[in-house]
$ cat target.cif   # mmCIF, C-alpha atoms and all ligand atoms
data_run
#
loop_
_atom_site.label_atom_id
_atom_site.label_comp_id
_atom_site.auth_asym_id
_atom_site.auth_seq_id
_atom_site.Cartn_x
_atom_site.Cartn_y
_atom_site.Cartn_z
CA MET A 259 0.00 0.00 0.00
CA SER A 260 1.42 3.41 -0.94
CA GLU A 261 1.90 6.16 1.61
CA LEU A 262 -0.69 8.29 -0.17
CA ASN A 263 -3.22 5.46 -0.19
CA ASN A 264 -2.63 5.08 3.55
CA ILE A 265 -3.39 8.75 4.18
CA ALA A 266 -6.55 8.64 2.03
CA LEU A 267 -7.80 5.55 3.88
CA LYS A 268 -6.96 7.05 7.26
CA ILE A 269 -9.02 10.19 6.49
CA LEU A 270 -12.04 8.05 5.59
CA GLU A 271 -11.64 5.15 8.07
CA LYS A 272 -14.57 3.87 10.15
CA GLY A 273 -17.17 6.24 8.75
CA LYS A 274 -15.00 9.30 9.30
CA GLY A 275 -15.38 12.23 6.91
CA VAL A 276 -13.90 15.62 6.15
CA LEU A 277 -14.80 19.02 7.60
CA ALA A 278 -14.56 21.54 4.75
CA ALA A 279 -13.57 24.68 6.67
CA ASP A 280 -11.77 26.20 3.70
CA GLU A 281 -14.12 29.10 2.98
CA SER A 282 -12.20 31.96 1.43
CA THR A 283 -12.35 35.21 3.39
CA ALA A 284 -15.10 36.50 1.06
CA THR A 285 -17.28 33.41 1.62
CA MET A 286 -16.59 33.32 5.36
CA THR A 287 -17.54 36.99 5.58
CA LYS A 288 -20.92 36.15 3.97
CA ARG A 289 -21.39 33.29 6.46
CA LEU A 290 -20.53 35.52 9.46
CA ASP A 291 -22.65 38.41 8.14
CA SER A 292 -25.62 36.02 8.03
CA VAL A 293 -25.34 35.54 11.83
CA ASN A 294 -24.42 39.18 12.54
CA VAL A 295 -20.83 38.53 13.59
CA GLN A 296 -18.11 40.84 12.31
CA SER A 297 -15.71 39.07 9.94
CA THR A 298 -12.32 39.71 11.56
CA PRO A 299 -9.35 37.30 11.54
CA GLN A 300 -9.97 36.76 15.30
CA ASN A 301 -13.67 35.90 14.87
CA ARG A 302 -12.97 33.60 11.90
CA LEU A 303 -10.37 31.85 14.05
CA LEU A 304 -12.58 31.66 17.14
CA PHE A 305 -15.42 29.90 15.34
CA ARG A 306 -13.08 27.54 13.54
CA GLU A 307 -10.90 26.62 16.54
CA THR A 308 -14.08 25.94 18.51
CA LEU A 309 -14.97 23.27 15.93
CA PHE A 310 -11.39 21.97 15.71
CA SER A 311 -11.28 21.35 19.47
CA ALA A 312 -14.64 19.55 19.64
CA SER A 313 -14.68 15.89 20.71
CA SER A 314 -16.10 14.68 17.37
CA MET A 315 -12.75 15.63 15.80
CA THR A 316 -11.39 12.43 17.35
CA ASP A 317 -14.22 10.04 16.48
CA CYS A 318 -15.79 11.44 13.32
CA ILE A 319 -13.64 13.97 11.49
CA GLY A 320 -10.78 12.26 9.63
CA GLY A 321 -9.51 15.45 8.00
CA VAL A 322 -10.04 19.20 7.95
CA ILE A 323 -9.61 21.38 4.87
CA LEU A 324 -8.17 24.72 5.92
CA PHE A 325 -7.89 28.06 4.16
CA ASP A 326 -4.50 29.79 3.80
CA GLU A 327 -5.28 32.26 6.60
CA THR A 328 -6.25 29.53 9.09
CA ILE A 329 -3.32 27.16 8.55
CA LYS A 330 -1.02 30.00 9.67
CA GLN A 331 -3.05 31.06 12.74
CA ILE A 332 -2.36 30.28 16.41
CA SER A 333 -5.26 29.16 18.63
CA SER A 334 -6.25 30.93 21.86
CA LYS A 335 -4.48 28.11 23.74
CA LYS A 336 -1.30 28.87 21.77
CA ASN A 337 -1.43 25.87 19.45
CA LYS A 338 -0.60 26.12 15.78
CA ILE A 339 -3.85 25.18 14.01
CA PRO A 340 -2.45 22.13 12.14
CA GLU A 341 -0.99 20.91 15.47
CA LEU A 342 -4.32 21.35 17.22
CA ILE A 343 -6.03 19.29 14.50
CA SER A 344 -3.39 16.55 14.68
CA LYS A 345 -3.56 16.47 18.50
CA MET A 346 -7.29 15.87 18.26
CA GLY A 347 -6.58 12.81 16.09
CA SER A 348 -7.55 14.32 12.74
CA ILE A 349 -5.46 15.22 9.68
CA PRO A 350 -4.88 18.80 8.48
CA GLY A 351 -5.38 19.63 4.80
CA ILE A 352 -5.38 22.81 2.75
CA LYS A 353 -7.33 24.35 -0.12
CA VAL A 354 -4.75 25.33 -2.73
CA ASP A 355 -6.77 26.73 -5.61
CA THR A 356 -7.07 30.50 -5.78
CA GLY A 357 -10.69 30.52 -6.86
CA ALA A 358 -12.96 30.11 -9.85
CA LYS A 359 -12.56 32.95 -12.39
CA VAL A 360 -14.35 33.81 -15.64
CA LEU A 361 -13.41 31.34 -18.39
CA ALA A 362 -12.10 33.31 -21.38
CA SER A 363 -14.04 32.32 -24.55
CA SER A 364 -17.00 31.17 -22.44
CA PRO A 365 -17.59 34.08 -20.05
CA ASP A 366 -20.68 32.58 -18.37
CA GLU A 367 -18.55 29.72 -17.10
CA LYS A 368 -15.69 29.41 -14.61
CA ILE A 369 -12.16 28.06 -14.64
CA THR A 370 -10.35 27.46 -11.38
CA GLU A 371 -6.97 29.16 -11.09
CA GLY A 372 -3.92 28.68 -8.88
CA LEU A 373 -1.38 26.61 -10.82
CA ASP A 374 1.25 29.37 -11.06
CA GLY A 375 3.67 29.02 -8.15
CA LEU A 376 1.74 26.02 -6.83
CA ARG A 377 4.84 23.80 -6.39
CA GLU A 378 6.37 26.36 -4.02
CA ARG A 379 3.13 26.93 -2.10
CA LEU A 380 2.69 23.18 -1.68
CA SER A 381 6.09 22.76 -0.15
CA GLU A 382 5.29 25.60 2.31
CA TYR A 383 1.96 23.97 3.27
CA TYR A 384 3.65 20.59 3.67
CA LYS A 385 6.11 22.14 6.12
CA LEU A 386 3.17 23.65 8.00
CA GLY A 387 1.77 20.14 8.48
CA ALA A 388 -0.71 19.61 5.62
CA LYS A 389 -1.06 15.99 4.50
CA PHE A 390 -3.71 16.54 1.87
CA THR A 391 -5.05 19.32 -0.34
CA LYS A 392 -8.17 20.38 -2.19
CA TRP A 393 -8.95 22.02 -5.55
CA ARG A 394 -12.49 22.73 -6.69
CA GLY A 395 -13.67 23.01 -10.30
CA VAL A 396 -17.16 24.48 -10.72
CA TYR A 397 -19.62 23.70 -13.51
CA SER A 398 -23.13 25.01 -14.05
CA ILE A 399 -25.90 23.19 -15.88
CA SER A 400 -28.11 24.75 -18.55
CA LYS A 401 -29.01 23.81 -22.15
CA GLU A 402 -25.53 24.66 -23.45
CA TYR A 403 -23.48 24.26 -20.25
CA PRO A 404 -21.18 22.89 -19.06
CA SER A 405 -19.45 23.39 -22.41
CA LYS A 406 -16.84 20.97 -23.73
CA LEU A 407 -14.35 23.78 -23.13
CA SER A 408 -15.10 24.12 -19.42
CA ILE A 409 -15.19 20.34 -18.93
CA GLN A 410 -11.81 19.98 -20.66
CA ALA A 411 -10.13 23.04 -19.11
CA ASN A 412 -11.18 22.25 -15.53
CA ALA A 413 -10.22 18.58 -15.86
CA HIS A 414 -6.80 19.61 -17.15
CA ALA A 415 -6.30 21.98 -14.19
CA LEU A 416 -7.44 19.31 -11.69
CA ALA A 417 -4.94 16.86 -13.18
CA ARG A 418 -2.01 19.30 -13.19
CA TYR A 419 -2.85 20.20 -9.60
CA SER A 420 -3.01 16.53 -8.59
CA ALA A 421 0.36 15.75 -10.16
CA LEU A 422 2.06 18.58 -8.26
CA VAL A 423 0.37 17.56 -4.99
CA GLN A 424 1.43 13.91 -5.27
CA GLU A 425 4.96 15.01 -6.20
CA CYS A 426 4.96 16.79 -2.81
CA ASN A 427 3.71 13.62 -1.04
CA MET A 428 0.23 14.84 -0.24
CA VAL A 429 -3.18 13.42 -1.17
CA PRO A 430 -5.15 15.56 -3.63
CA ILE A 431 -8.88 15.85 -3.09
CA VAL A 432 -10.29 16.25 -6.58
CA GLU A 433 -13.51 18.27 -6.45
CA PRO A 434 -15.47 18.68 -9.66
CA GLU A 435 -18.66 20.39 -8.41
CA VAL A 436 -21.61 20.39 -10.78
CA LEU A 437 -23.77 23.06 -9.19
CA MET A 438 -27.31 22.49 -8.00
CA ASP A 439 -28.47 25.96 -9.22
CA GLY A 440 -31.02 25.85 -12.02
CA GLU A 441 -34.11 24.22 -13.46
CA HIS A 442 -32.47 21.03 -14.74
CA SER A 443 -33.77 17.54 -14.00
CA ALA A 444 -31.95 14.87 -12.00
CA ASN A 445 -31.37 13.03 -15.26
CA GLU A 446 -29.59 16.07 -16.74
CA CYS A 447 -27.48 16.28 -13.57
CA TYR A 448 -26.65 12.59 -14.00
CA GLN A 449 -25.61 13.04 -17.66
CA LYS A 450 -23.50 16.15 -17.06
CA THR A 451 -21.87 14.90 -13.86
CA SER A 452 -20.93 11.61 -15.56
CA GLU A 453 -19.35 13.52 -18.45
CA VAL A 454 -17.46 15.82 -16.08
CA ILE A 455 -16.11 12.98 -13.88
CA LYS A 456 -15.10 10.81 -16.85
CA LYS A 457 -13.13 13.67 -18.36
CA CYS A 458 -11.42 14.33 -15.01
CA PHE A 459 -10.21 10.73 -14.83
CA GLU A 460 -9.10 10.79 -18.47
CA GLU A 461 -6.85 13.75 -17.60
CA LEU A 462 -5.73 12.32 -14.24
CA ILE A 463 -4.61 9.14 -16.02
CA LEU A 464 -2.84 11.15 -18.74
CA HIS A 465 -0.97 13.02 -15.99
CA LYS A 466 0.06 9.67 -14.40
CA ILE A 467 -1.73 10.25 -11.11
CA ASP A 468 -1.61 7.42 -8.56
CA LEU A 469 -5.38 6.94 -8.35
CA SER A 470 -5.06 4.96 -5.12
CA GLY A 471 -3.75 8.16 -3.51
CA ILE A 472 -6.59 10.57 -4.26
CA ILE A 473 -10.06 11.23 -2.84
CA LEU A 474 -12.87 12.24 -5.20
CA LYS A 475 -15.21 14.95 -3.92
CA PRO A 476 -18.25 15.01 -6.20
CA ASN A 477 -21.79 16.34 -5.97
CA MET A 478 -24.68 13.96 -5.48
CA ILE A 479 -27.12 13.52 -8.37
CA LEU A 480 -29.99 15.91 -7.63
CA PRO A 481 -32.51 17.91 -9.63
CA GLY A 482 -31.71 21.65 -9.85
CA ASN A 483 -32.91 23.81 -6.98
CA LYS A 484 -35.46 25.50 -9.29
CA SER A 485 -36.50 22.28 -11.04
CA LYS A 486 -40.05 20.95 -11.28
CA ASP A 487 -38.54 17.45 -11.24
CA LYS A 488 -38.82 16.01 -7.73
CA ILE A 489 -37.23 12.67 -6.94
CA SER A 490 -37.08 10.60 -3.75
CA ASN A 491 -33.97 10.28 -1.58
CA GLU A 492 -33.79 6.61 -2.65
CA GLU A 493 -33.61 7.72 -6.29
CA VAL A 494 -30.92 10.29 -5.46
CA ALA A 495 -28.85 7.55 -3.84
CA LYS A 496 -29.33 5.07 -6.68
CA LEU A 497 -28.57 7.59 -9.45
CA THR A 498 -25.50 8.84 -7.56
CA LEU A 499 -24.17 5.29 -7.19
CA LYS A 500 -24.89 4.48 -10.84
CA CYS A 501 -23.03 7.60 -11.95
CA LEU A 502 -19.95 6.88 -9.83
CA GLU A 503 -19.86 3.18 -10.63
CA SER A 504 -19.68 3.94 -14.32
CA SER A 505 -17.24 6.86 -14.21
CA VAL A 506 -14.74 6.27 -11.37
CA PRO A 507 -11.82 3.84 -11.85
CA SER A 508 -11.70 1.04 -9.28
CA GLU A 509 -8.27 2.05 -7.90
CA VAL A 510 -9.78 5.15 -6.25
CA PRO A 511 -10.15 4.36 -2.52
CA GLY A 512 -12.90 6.74 -1.60
CA VAL A 513 -15.48 9.33 -2.38
CA ALA A 514 -16.30 12.22 0.00
CA PHE A 515 -19.38 14.10 -1.16
CA LEU A 516 -19.87 17.86 -0.97
CA SER A 517 -23.25 19.00 0.36
CA GLY A 518 -23.74 21.70 -2.29
CA GLY A 519 -26.62 23.58 -0.67
CA GLN A 520 -28.64 20.63 0.61
CA SER A 521 -30.05 21.04 4.11
CA GLU A 522 -28.14 19.35 6.91
CA ILE A 523 -30.67 16.53 7.26
CA GLU A 524 -31.03 16.01 3.51
CA ALA A 525 -27.25 15.68 3.10
CA THR A 526 -27.15 13.14 5.94
CA GLU A 527 -30.16 11.17 4.73
CA ASN A 528 -28.87 10.93 1.15
CA LEU A 529 -25.42 9.83 2.33
CA ASN A 530 -27.02 7.18 4.52
CA LEU A 531 -29.03 5.76 1.61
CA ILE A 532 -25.98 5.83 -0.66
CA ASN A 533 -24.25 3.62 1.90
CA LYS A 534 -27.25 1.35 2.31
CA TYR A 535 -27.30 0.65 -1.44
CA ASN A 536 -23.54 0.81 -2.03
CA ASN A 537 -22.37 -2.30 -3.87
CA THR A 538 -19.17 -0.69 -5.12
CA LYS A 539 -15.81 -1.07 -3.42
CA PHE A 540 -15.51 2.69 -2.87
CA ILE A 541 -15.80 4.15 0.62
CA MET A 542 -18.65 6.69 0.44
CA SER A 543 -18.27 9.45 3.01
CA TYR A 544 -18.63 13.22 3.37
CA SER A 545 -16.61 16.37 2.96
CA TYR A 546 -19.25 18.86 4.01
CA GLY A 547 -18.91 22.58 4.61
CA ARG A 548 -22.37 24.04 5.11
CA ALA A 549 -24.05 20.74 6.07
CA LEU A 550 -21.65 20.33 9.02
CA GLN A 551 -21.41 23.93 10.18
CA GLN A 552 -24.74 25.66 9.54
CA SER A 553 -26.56 24.98 12.85
CA ALA A 554 -23.39 25.40 14.91
CA LEU A 555 -22.71 28.76 13.26
CA LYS A 556 -26.28 29.94 13.80
CA PHE A 557 -26.12 29.04 17.50
CA TRP A 558 -22.68 30.62 17.93
CA GLY A 559 -23.87 33.85 16.27
CA GLN A 560 -26.46 34.22 19.02
CA ASN A 561 -24.31 32.87 21.86
CA ILE A 562 -20.78 33.90 21.02
CA GLN A 563 -19.46 33.01 24.51
CA ASN A 564 -21.08 29.59 24.54
CA LEU A 565 -18.36 27.48 22.97
CA ASP A 566 -19.52 24.24 24.65
CA GLY A 567 -23.01 24.67 23.20
CA THR A 568 -21.53 25.36 19.76
CA GLN A 569 -19.38 22.23 19.98
CA LYS A 570 -22.34 20.15 21.09
CA ILE A 571 -24.27 21.07 17.95
CA PHE A 572 -21.27 20.45 15.71
CA ASN A 573 -20.56 17.11 17.43
CA HIS A 574 -24.11 15.98 16.78
CA ARG A 575 -23.91 16.75 13.02
CA ALA A 576 -20.50 15.09 12.74
CA LYS A 577 -21.81 12.01 14.53
CA MET A 578 -24.93 11.82 12.35
CA ASN A 579 -22.84 12.00 9.18
CA THR A 580 -20.38 9.40 10.42
CA LEU A 581 -23.32 7.07 11.08
CA ALA A 582 -24.65 7.88 7.60
CA ALA A 583 -21.24 7.05 6.10
CA GLN A 584 -21.81 3.55 7.48
CA GLY A 585 -25.50 3.33 6.54
CA LYS A 586 -26.41 3.36 10.25
CA TRP A 587 -28.27 6.68 10.52
CA SER A 588 -32.01 7.00 11.10
CA LYS A 589 -34.28 10.03 11.46
CA ASP A 590 -35.19 9.30 15.09
CA LEU A 591 -31.55 9.94 16.08
CA GLU A 592 -32.01 13.59 15.13
CA VAL A 593 -34.24 14.65 18.07
C1 LIG B 601 -16.44 25.44 2.47
O1 LIG B 601 -16.58 26.03 1.19
C2 LIG B 601 -15.48 25.74 0.31
C3 LIG B 601 -14.79 26.96 -0.17
O2 LIG B 601 -15.59 27.78 -0.93
P1 LIG B 601 -15.00 29.20 -1.53
O3 LIG B 601 -13.62 28.96 -2.08
O4 LIG B 601 -16.01 29.54 -2.57
O5 LIG B 601 -14.98 30.16 -0.41
C4 LIG B 601 -15.96 24.81 -0.82
O6 LIG B 601 -14.97 24.53 -1.75
C5 LIG B 601 -16.38 23.54 -0.18
O7 LIG B 601 -15.24 22.80 0.20
C6 LIG B 601 -17.22 22.66 -1.07
O8 LIG B 601 -17.98 23.34 -2.00
C7 LIG B 601 -18.14 21.82 -0.19
O9 LIG B 601 -18.87 22.66 0.67
P2 LIG B 601 -20.43 22.43 0.82
O10 LIG B 601 -20.91 23.59 1.67
O11 LIG B 601 -21.00 22.42 -0.56
O12 LIG B 601 -20.57 21.08 1.51
#

$ encode --input "target.cif" --output "structure tokens"
Amino acid sequence: MSELNNIALKILEKGKGVLAADESTATMTKRLDSVNVQSTPQNRLLFRETLFSASSMTDCIGGVILFDETIKQISSKKNKIPELISKMGSIPGIKVDTGAKVLASSPDEKITEGLDGLRERLSEYYKLGAKFTKWRGVYSISKEYPSKLSIQANAHALARYSALVQECNMVPIVEPEVLMDGEHSANECYQKTSEVIKKCFEELILHKIDLSGIILKPNMILPGNKSKDKISNEEVAKLTLKCLESSVPSEVPGVAFLSGGQSEIEATENLNLINKYNNTKFIMSYSYGRALQQSALKFWGQNIQNLDGTQKIFNHRAKMNTLAAQGKWSKDLEV
């Protein structure tokens, strides 16, 4: 077993998943504004270190994706953030893309940037303690999108990123996110997501990536958030599994879904059903941002001194998702 495969399996062992706490400052500011907390480096740190010191970090959270600001911060108890995460029994990771920008020649679409100088940044993050990384490509669905150009360009960037990350002995999380925004049906999401993922693997293979040392972070197969098409959670799970079974090479050890705007319960319920029906050899877990943090953030916004209460809410969500990653969750555990 390669060292990278070991790290990937460790992150996802025993139903553990990933806490995506890698919101850029602009996104984190939106999140904090929504709960009326001022977005300062200290407040961003306080909320995040509260989560990173919660007990579920040991039992449920196999890895944390950090943002550049956070990986360099020192906690109120004088721990470097990656050290705090490691002490809790989890693995620190880092988002290394520099964001999705307008794609020249197809200005309604996005291309993720950040390859220039990436080798040097990776070696700095490695020294700071990161063992894995993340890069997110974003695709929207409409009649003409995602275009062949955006599918090709983002896959190419994800592959070049992955090659540099593995060269630096870290595990790349490969995140092609087909957005939920729009009126499209679940079937259209299935078709487009399959095309996107297949192209990513075509490029990853071309760039000689060790597929046993990556984690795929895809969206689930869902109808658009403005769609008339409504499907059951069972259908979401079955379509998602069908899509991944036919587009992900068998060497890949695991999949960690993004939540993509689903409610906390929906993201947990769908993950649970995916695991109930999973006949593939892939581990199916979570790498949630909003679906792990939303309730905790809302509570903290109203009770900024109550760190125990904030952790309690976060611990519950982490526990529910870790049960779901083993197909052991049920609705009555939510009360
Ligand atoms: C946590 O949000 C991440 C960073 O977003 P920005 O760079 O736009 O600030 C994002 O990449 C996240 O890791 C994934 O989209 C999954 O998060 P959700 O909330 O969809 O589970």

$ residues_around --input "target.cif" --residues "range 422-431 of chain A" --least-positions-apart "2" --cutoff "8 Å" --atoms "only C-alpha atoms" --output "compact mmCIF listing (two decimals) with C-alpha atoms, in the coordinates of the input"
# COMPACT_ATOMS: atom_id res chain seq x y z
CA LEU A 262 -0.69 8.29 -0.17
CA ILE A 265 -3.39 8.75 4.18
CA ALA A 266 -6.55 8.64 2.03
CA LEU A 376 1.74 26.02 -6.83
CA ARG A 377 4.84 23.80 -6.39
CA LEU A 380 2.69 23.18 -1.68
CA SER A 381 6.09 22.76 -0.15
CA TYR A 384 3.65 20.59 3.67
CA ALA A 388 -0.71 19.61 5.62
CA LYS A 389 -1.06 15.99 4.50
CA PHE A 390 -3.71 16.54 1.87
CA THR A 391 -5.05 19.32 -0.34
CA LYS A 392 -8.17 20.38 -2.19
CA TRP A 393 -8.95 22.02 -5.55
CA ARG A 418 -2.01 19.30 -13.19
CA TYR A 419 -2.85 20.20 -9.60
CA SER A 420 -3.01 16.53 -8.59
CA GLU A 433 -13.51 18.27 -6.45
CA ILE A 467 -1.73 10.25 -11.11
CA ASP A 468 -1.61 7.42 -8.56
CA GLY A 471 -3.75 8.16 -3.51
CA ILE A 472 -6.59 10.57 -4.26
CA ILE A 473 -10.06 11.23 -2.84
CA LEU A 474 -12.87 12.24 -5.20
CA LYS A 475 -15.21 14.95 -3.92

$ atom_distance --input "target.cif" --atom1 "CA of Lys484 in chain A" --atom2 "CA of Glu527 in chain A"
20.7 Å

$ residues_near_ligand --input "target.cif" --ligand "ligand LIG 601 (chain B)" --cutoff "8 Å" --atoms "all atoms listed in the file" --output "ChimeraX atom specification"
/A:278-286,323,353,356-358,392-394,433,435,515-520,545-550

$ residues_around --input "target.cif" --residues "Lys456 in chain A" --least-positions-apart "6" --cutoff "12 Å" --atoms "all atoms listed in the file" --output "list in words"
Ile409, Gln410, Ala413, Pro434, Gln449, Lys450, Leu462, Ile463, Leu474, Pro476, Cys501, Leu502, Glu503, Ser504, Ser505, Val506 and Pro507 of chain A

$ closest_residue --input "target.cif" --among "A:Glu371, A:Asp317, A:Asp487, A:Glu453" --to "His574 in chain A" --atoms "all atoms listed in the file"
A:Asp317

$ decode --input "target.cif" --residues "range 397-409 of chain A" --atoms "N, CA and C atoms" --output "CSV table (one decimal), in the first residue's frame"
chain,number,residue,atom,x,y,z
A,397,TYR,N,-18.9,23.8,-12.2
A,397,TYR,CA,-19.6,23.7,-13.5
A,397,TYR,C,-21.1,24.0,-13.3
A,398,SER,N,-21.7,24.8,-14.2
A,398,SER,CA,-23.1,25.0,-14.0
A,398,SER,C,-23.9,24.3,-15.2
A,399,ILE,N,-25.1,23.9,-14.9
A,399,ILE,CA,-25.9,23.2,-15.9
A,399,ILE,C,-26.9,24.1,-16.5
A,400,SER,N,-27.0,24.1,-17.8
A,400,SER,CA,-28.1,24.8,-18.5
A,400,SER,C,-28.1,24.0,-19.9
A,401,LYS,N,-28.9,24.5,-20.8
A,401,LYS,CA,-29.0,23.8,-22.1
A,401,LYS,C,-27.6,23.6,-22.8
A,402,GLU,N,-26.8,24.8,-22.8
A,402,GLU,CA,-25.5,24.7,-23.5
A,402,GLU,C,-24.3,24.4,-22.5
A,403,TYR,N,-24.6,24.4,-21.2
A,403,TYR,CA,-23.5,24.3,-20.3
A,403,TYR,C,-23.6,23.0,-19.4
A,404,PRO,N,-22.6,22.5,-18.9
A,404,PRO,CA,-21.2,22.9,-19.1
A,404,PRO,C,-20.7,22.6,-20.5
A,405,SER,N,-20.0,23.6,-21.0
A,405,SER,CA,-19.4,23.4,-22.4
A,405,SER,C,-18.3,22.4,-22.4
A,406,LYS,N,-18.0,21.9,-23.6
A,406,LYS,CA,-16.8,21.0,-23.7
A,406,LYS,C,-15.6,21.7,-23.2
A,407,LEU,N,-15.5,23.0,-23.5
A,407,LEU,CA,-14.3,23.8,-23.1
A,407,LEU,C,-14.2,23.8,-21.6
A,408,SER,N,-15.3,24.1,-20.9
A,408,SER,CA,-15.1,24.1,-19.4
A,408,SER,C,-14.8,22.7,-18.8
A,409,ILE,N,-15.4,21.7,-19.4
A,409,ILE,CA,-15.2,20.3,-18.9
A,409,ILE,C,-13.7,20.0,-19.1
